[in-house]
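Here is the structure we will look at, set down as structure tokens.
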Protein chains: 2
Amino acid sequence: MTAEMPINRILRGECVEVMKDLPDGSVDCVFADPPYNLQLRGELRRPDETVVDGVNDAWDKFADYKTYDDFTRQWLSEARRVLHKDGTLWVIGSYHNIFRIGAILQDLGYWILNDIVWRKSNPMPNFRGRRFTNAHETLIWAARSPQSKYRFNYQVMKALNDDLQMRSDWYLPLCTGNERLRNDHGVKLHPTQKPESLLHRALLAATTVDDVVLDPFCGTGTTPAVAKRLGRRYLAIERHPDYVKAAEQRLEETQRLPADQLEVTPAKREMPRIPFGSFVESGTLPPGTVLHDRQRRLKATVAPDGTLVSGKHRGSIHKLGALLTQAASCNGWTFWYFERDQKWIPLDTLRQESYALRQTA
Amino acid sequence: MTAEMPINRILRGECVEVMKDLPDGSVDCVFADPPYNLQLRGELRRPDETVVDGVNDAWDKFADYKTYDDFTRQWLSEARRVLHKDGTLWVIGSYHNIFRIGAILQDLGYWILNDIVWRKSNPMPNFRGRRFTNAHETLIWAARSPQSKYRFNYQVMKALNDDLQMRSDWYLPLCTGNERLRNDHGVKLHPTQKPESLLHRALLAATTVDDVVLDPFCGTGTTPAVAKRLGRRYLAIERHPDYVKAAEQRLEETQRLPADQLEVTPAKREMPRIPFGSFVESGTLPPGTVLHDRQRRLKATVAPDGTLVSGKHRGSIHKLGALLTQAASCNGWTFWYFERDQKWIPLDTLRQESYALRQTA
DNA sequence: CATCCGTGTGAATCTCTAT
DNA sequence: TATAGAGATTCACACGGAT
């Protein structure tokens with residue numbers, strides 16, 4: 001290593017090698033989006049027969065778990081050396097790689113502060129119906145050591161979340177539309193570009209103005225771009241010259257926010273959808289519960305999966321209501337009634353009560 | 001190991017030892033809520049709950065991770081031996097232990113299918129304001145091997161979620177109120193009792209009626225209680241006699257749902273196959289019947305052997321559909337339409353009607 | 001100008017059975 | 001064990017052109 005510390009630059013090269021040239025303790029925060037080692041096998045098609053454009057790049061291929069672990073141990077070790085003693089590290093991954101990364105960083109002496117779940121508002125569905133929709137990715141936020149006096153901007157996060165403590169589950173959309181970098185033919189430049197909103201929240205939580213942020217897997221430069229906009233200094237490492245070029249251009253077009261705007265971010269609150277099945281799971285309406293319509297002419301029974309059964313018909317609260325009344329559609333929430341304290345109450349009451357509970361929780 | 005297989009019982013003892021007495025491949029699903037190895041500052045605990053001295057010493061920390069890893073490897077290995085080749089395993093944990101568990105189960109040959117995030121509707125706040133509110137726990141769902149033909153009740157999960165694919169993030173409340181087991185003084189019996197709703201969803205997704213569910217860390221019996229209620233068989237292991245007693249009492253008070261209330265949305269894959277030719281044989285679609293696609297751009301004629309003919313092409317309803325649309329594959333049942341009462345109806349309707357007839361027959 | 005509709009797409013470990 | 005054939009399977013958005 002040398003004592004020379006480059007700053008606000010994108011360095012081209014292998015991150016382990018490049019980091020070796022950086023001084024000890026010179027970085028306040030690391031954000032890393034390493035290869036996931038996805039191990040995709042064949043071609044996957046949507047129900048409409050179009051082919052899914054999966055990650056098929058050479059940089060995501062590793063021979064086996066051991067090769068991936070060795071690689072992980074190397075870059076996490078160098079990142080730790082380069083980190084300031086009170087610095088923190090973010091890593092993002094999926095179930096393919098995140099467990100290995102988490103275990104290795106614990107072995108290396110990092111101290112996990114939180115695991116954060118990025119809940120995707122618009123994930124790709126599971127086209128074959130063989131698993132749960134893979135609707136999230138996991139970030140690990142860790143201090144360099146258990147003794148680190150790390151930075152956490154508690155009030156900033158609370159303000160960002162309508163004056164409620166920021167939770168460990170973040171609901172954010174994918175990087176799509178205009179934000180996604182594309183070439184002249186409209187083809188995405190990078191298969192896994194992260195949304196700026198994700199970086200915005202992570203950097204806003206764990207760094208302050210003029211802190212140095214290092215991204216060892218820079219890609220098309222989301223981390224340095226958000227860092228620059230938020231008035232942080234940055235250093236990014238990227239192997240592929242095309243990505244370096246794209247990131248440099250992006251950074252030219254990115255302006256540091258004026259000082260008075262550095263901490264203003266609107267937060268959208270989601271109104272969560274409540275599936276009828278959740279009341280079955282919770283025991284509020286156990287399987288076997290009898291429901292009626294308002295006039296009590298129709299009758300249906302609740303099944304363990306939240307469907308209703310009436311004679312030989314089965315369907316959701318909406319579908320069965322429509323079927324039995326021969327209507328095109330039906331709002332099952334207001335159509336079906338259940339009995340409580342000898343009164344018949346519309347299902348929708350349950351939903352209203354549930355919303356009220358969530359607000360105060 | 002012996003060939004003796006106890007069933008619907010809670011076995012008292014260390015789970016690794018007890019599992020050694022169970023036959024190979026005798027269990028369809030494992031649900032495990034292992035000790036968390038919580039590392040509070042100044043107090044580090046081994047899996048057996050004894051306190052480790054000198055937490056701040058790196059060597060001790062390594063020693064403790066190693067102890068936890070060895071323990072994890074042991075119980076995951078025995079669980080894998082006991083699992084049926086097509087069986088699946090659920091493990092729940094937090095950031096303190098889940099990364100080690102995930103890496104070890106991958107090393108042992110398990111194949112991760114999903115990681116699931118249990119988002120708590122009512123988590124404990126972070127009192128010191130030094131981190132994000134720890135508002136979730138992580139479950140790993142894994143098959144015994146990449147070759148396992150595991151069970152996933154896709155349609156059941158979809159029904160439970162208002163006819164949308166169930167995602168990998170589950171929003172469920174903690175176990176509180178009446179559901180929480182307490183002693184005569186109102187003190188909770190177990191520090192980490194899981195909500196029944198969580199088990200309801202996991203078992204409903206990955207098992208069917210009469211499957212055998214094993215819980216190696218039974219605690220106060222949430223897993224066997226939900227398994228019993230849902231008509232699954234169970235086997236549970238618990239070390240502490242007080243918990244065994246509480247779980248046994250709880251199971252006595254838990255009733256299996258009546259058979260007609262256990263029925264859920266059937267999987268299409270598991271419906272009996274009906275050959276298209278049977279409708280030709282029965283005269284429902286006599287040879288010469290004309291079929292169209294939905295847009296009525298394509299036309300085919302039924303042959304006596306149940307193949308379709310279009311120009312010089314001939315093949316099954318699937319093959320011909322794929323051929324004419326130049327698709328890799330095609331579901332002929334939903335692709336082709338026939339005319340009845342001056343309406344064009346998909347072939348699949350015939351199949352549905354045939355199923356309904358069998359029900360009433 | 002607002003609305004509707006068709007099209008495209010996103011870190012994906014994505015089938016099962018009979019022969 | 002390899003191959004062939006049947007047949008099951010999608011959600012949230014963004015964008016652009018048409019209404």
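All residue names refer to the structure tokens as shown: chains lettered A, B, ... in order, residues numbered from 1 in each chain, ligands numbered from 1 in order.
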
Would you give me, as CSV, each residue of chain D having an atom within 7 Å of an atom of chain A, along with its shortest atom pair and that distance in Å to one decimal, using only C-alpha atoms (C1' of nucleotides) and sorting by chain and residue number?
```
residue,atom,partner,partner_atom,distance
D:DT9,C1',A:Arg128,CA,4.7
D:DT10,C1',A:Pro125,CA,5.5
D:DC11,C1',A:Pro125,CA,5.8
D:DA12,C1',A:Asn122,CA,4.7
D:DA14,C1',A:Gly177,CA,5.8
```

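Superposing chain B on chain A by least squares over every C-alpha atom, paired in order, leaves an RMSD of 17.1 Å.
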
Could you tell me which residues of chain B sit within 7 Å of chain A when counting only C-alpha atoms, and give me the result as a ChimeraX atom specification? /B:62,95,99-100,102-103,113-115,121-122,129-136,152,154,156-157,159-162,165-169,197,200,261-264,327

Pull the strand (DSSP E) assignments for region 121-213 of chain A out of DSSP run on the backbone, and list those residues as a PDB file with N, CA and C atoms, in the first residue's frame.
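Result file follows (states_11.pdb):
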```pdb
ATOM      1  N   HIS A 136     -37.354  -9.773  -2.816  1.00  0.00           N
ATOM      2  CA  HIS A 136     -36.486  -8.916  -1.997  1.00  0.00           C
ATOM      3  C   HIS A 136     -35.017  -9.258  -2.205  1.00  0.00           C
ATOM      4  N   GLU A 137     -34.165  -8.328  -1.805  1.00  0.00           N
ATOM      5  CA  GLU A 137     -32.747  -8.625  -1.652  1.00  0.00           C
ATOM      6  C   GLU A 137     -32.339  -8.197  -0.245  1.00  0.00           C
ATOM      7  N   THR A 138     -31.190  -8.704   0.188  1.00  0.00           N
ATOM      8  CA  THR A 138     -30.761  -8.453   1.563  1.00  0.00           C
ATOM      9  C   THR A 138     -29.500  -7.602   1.572  1.00  0.00           C
ATOM     10  N   LEU A 139     -29.472  -6.599   2.445  1.00  0.00           N
ATOM     11  CA  LEU A 139     -28.253  -5.838   2.692  1.00  0.00           C
ATOM     12  C   LEU A 139     -27.786  -6.130   4.106  1.00  0.00           C
ATOM     13  N   ILE A 140     -26.485  -6.243   4.272  1.00  0.00           N
ATOM     14  CA  ILE A 140     -25.912  -6.341   5.608  1.00  0.00           C
ATOM     15  C   ILE A 140     -25.202  -5.018   5.893  1.00  0.00           C
ATOM     16  N   TRP A 141     -25.481  -4.471   7.057  1.00  0.00           N
ATOM     17  CA  TRP A 141     -24.800  -3.256   7.486  1.00  0.00           C
ATOM     18  C   TRP A 141     -23.954  -3.623   8.700  1.00  0.00           C
ATOM     19  N   ALA A 142     -22.651  -3.444   8.596  1.00  0.00           N
ATOM     20  CA  ALA A 142     -21.745  -3.907   9.647  1.00  0.00           C
ATOM     21  C   ALA A 142     -20.688  -2.859   9.953  1.00  0.00           C
ATOM     22  N   ALA A 143     -20.295  -2.791  11.222  1.00  0.00           N
ATOM     23  CA  ALA A 143     -19.191  -1.931  11.630  1.00  0.00           C
ATOM     24  C   ALA A 143     -17.880  -2.695  11.469  1.00  0.00           C
ATOM     25  N   ASP A 169     -36.887  -3.087   7.094  1.00  0.00           N
ATOM     26  CA  ASP A 169     -37.448  -3.478   5.795  1.00  0.00           C
ATOM     27  C   ASP A 169     -37.780  -2.232   4.987  1.00  0.00           C
ATOM     28  N   TRP A 170     -37.171  -2.120   3.830  1.00  0.00           N
ATOM     29  CA  TRP A 170     -37.317  -0.932   2.974  1.00  0.00           C
ATOM     30  C   TRP A 170     -38.079  -1.319   1.715  1.00  0.00           C
ATOM     31  N   TYR A 171     -39.100  -0.533   1.412  1.00  0.00           N
ATOM     32  CA  TYR A 171     -39.944  -0.820   0.251  1.00  0.00           C
ATOM     33  C   TYR A 171     -39.601   0.158  -0.857  1.00  0.00           C
ATOM     34  N   LEU A 172     -38.903  -0.294  -1.879  1.00  0.00           N
ATOM     35  CA  LEU A 172     -38.425   0.598  -2.940  1.00  0.00           C
ATOM     36  C   LEU A 172     -38.577  -0.077  -4.298  1.00  0.00           C
ATOM     37  N   VAL A 212     -15.763   9.836   3.059  1.00  0.00           N
ATOM     38  CA  VAL A 212     -15.276   9.114   1.882  1.00  0.00           C
ATOM     39  C   VAL A 212     -16.003   7.779   1.765  1.00  0.00           C
ATOM     40  N   VAL A 213     -16.654   7.585   0.619  1.00  0.00           N
ATOM     41  CA  VAL A 213     -17.404   6.358   0.356  1.00  0.00           C
ATOM     42  C   VAL A 213     -16.675   5.558  -0.715  1.00  0.00           C
TER      43      VAL A 213
END
```

From a backbone DSSP assignment, name each residue in region 103-345 of chain B labelled helix (DSSP H, G or I), as a ChimeraX atom specification. /B:103-107,154-160,177-179,196-206,222-229,241-252,259-262,268-270,277-281,317-325,332-335

Please identify every residue of chain C that has at least one atom no farther than 12 Å from an atom of chain A, counting only C-alpha atoms (C1' of nucleotides), and for each give the shortest atom pair and the distance in Å to one decimal, arranged by chain then increasing number, as a tab-separated table.
```
residue	atom	partner	partner_atom	distance
C:DT7	C1'	A:Asp48	CA	11.9
C:DG8	C1'	A:Thr50	CA	10.2
C:DT9	C1'	A:Val52	CA	8.4
C:DG10	C1'	A:Met124	CA	5.6
C:DA11	C1'	A:Thr192	CA	5.9
C:DA12	C1'	A:Gly54	CA	6.8
C:DT13	C1'	A:Leu40	CA	5.2
C:DC14	C1'	A:Arg128	CA	5.0
C:DT15	C1'	A:Arg128	CA	8.0
```

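With only C-alpha atoms as the atoms that count, the minimum distance from Pro6 (chain A) to the choices A:Arg297, A:Arg233, A:Lys85, A:Arg250 is reached by A:Arg233.
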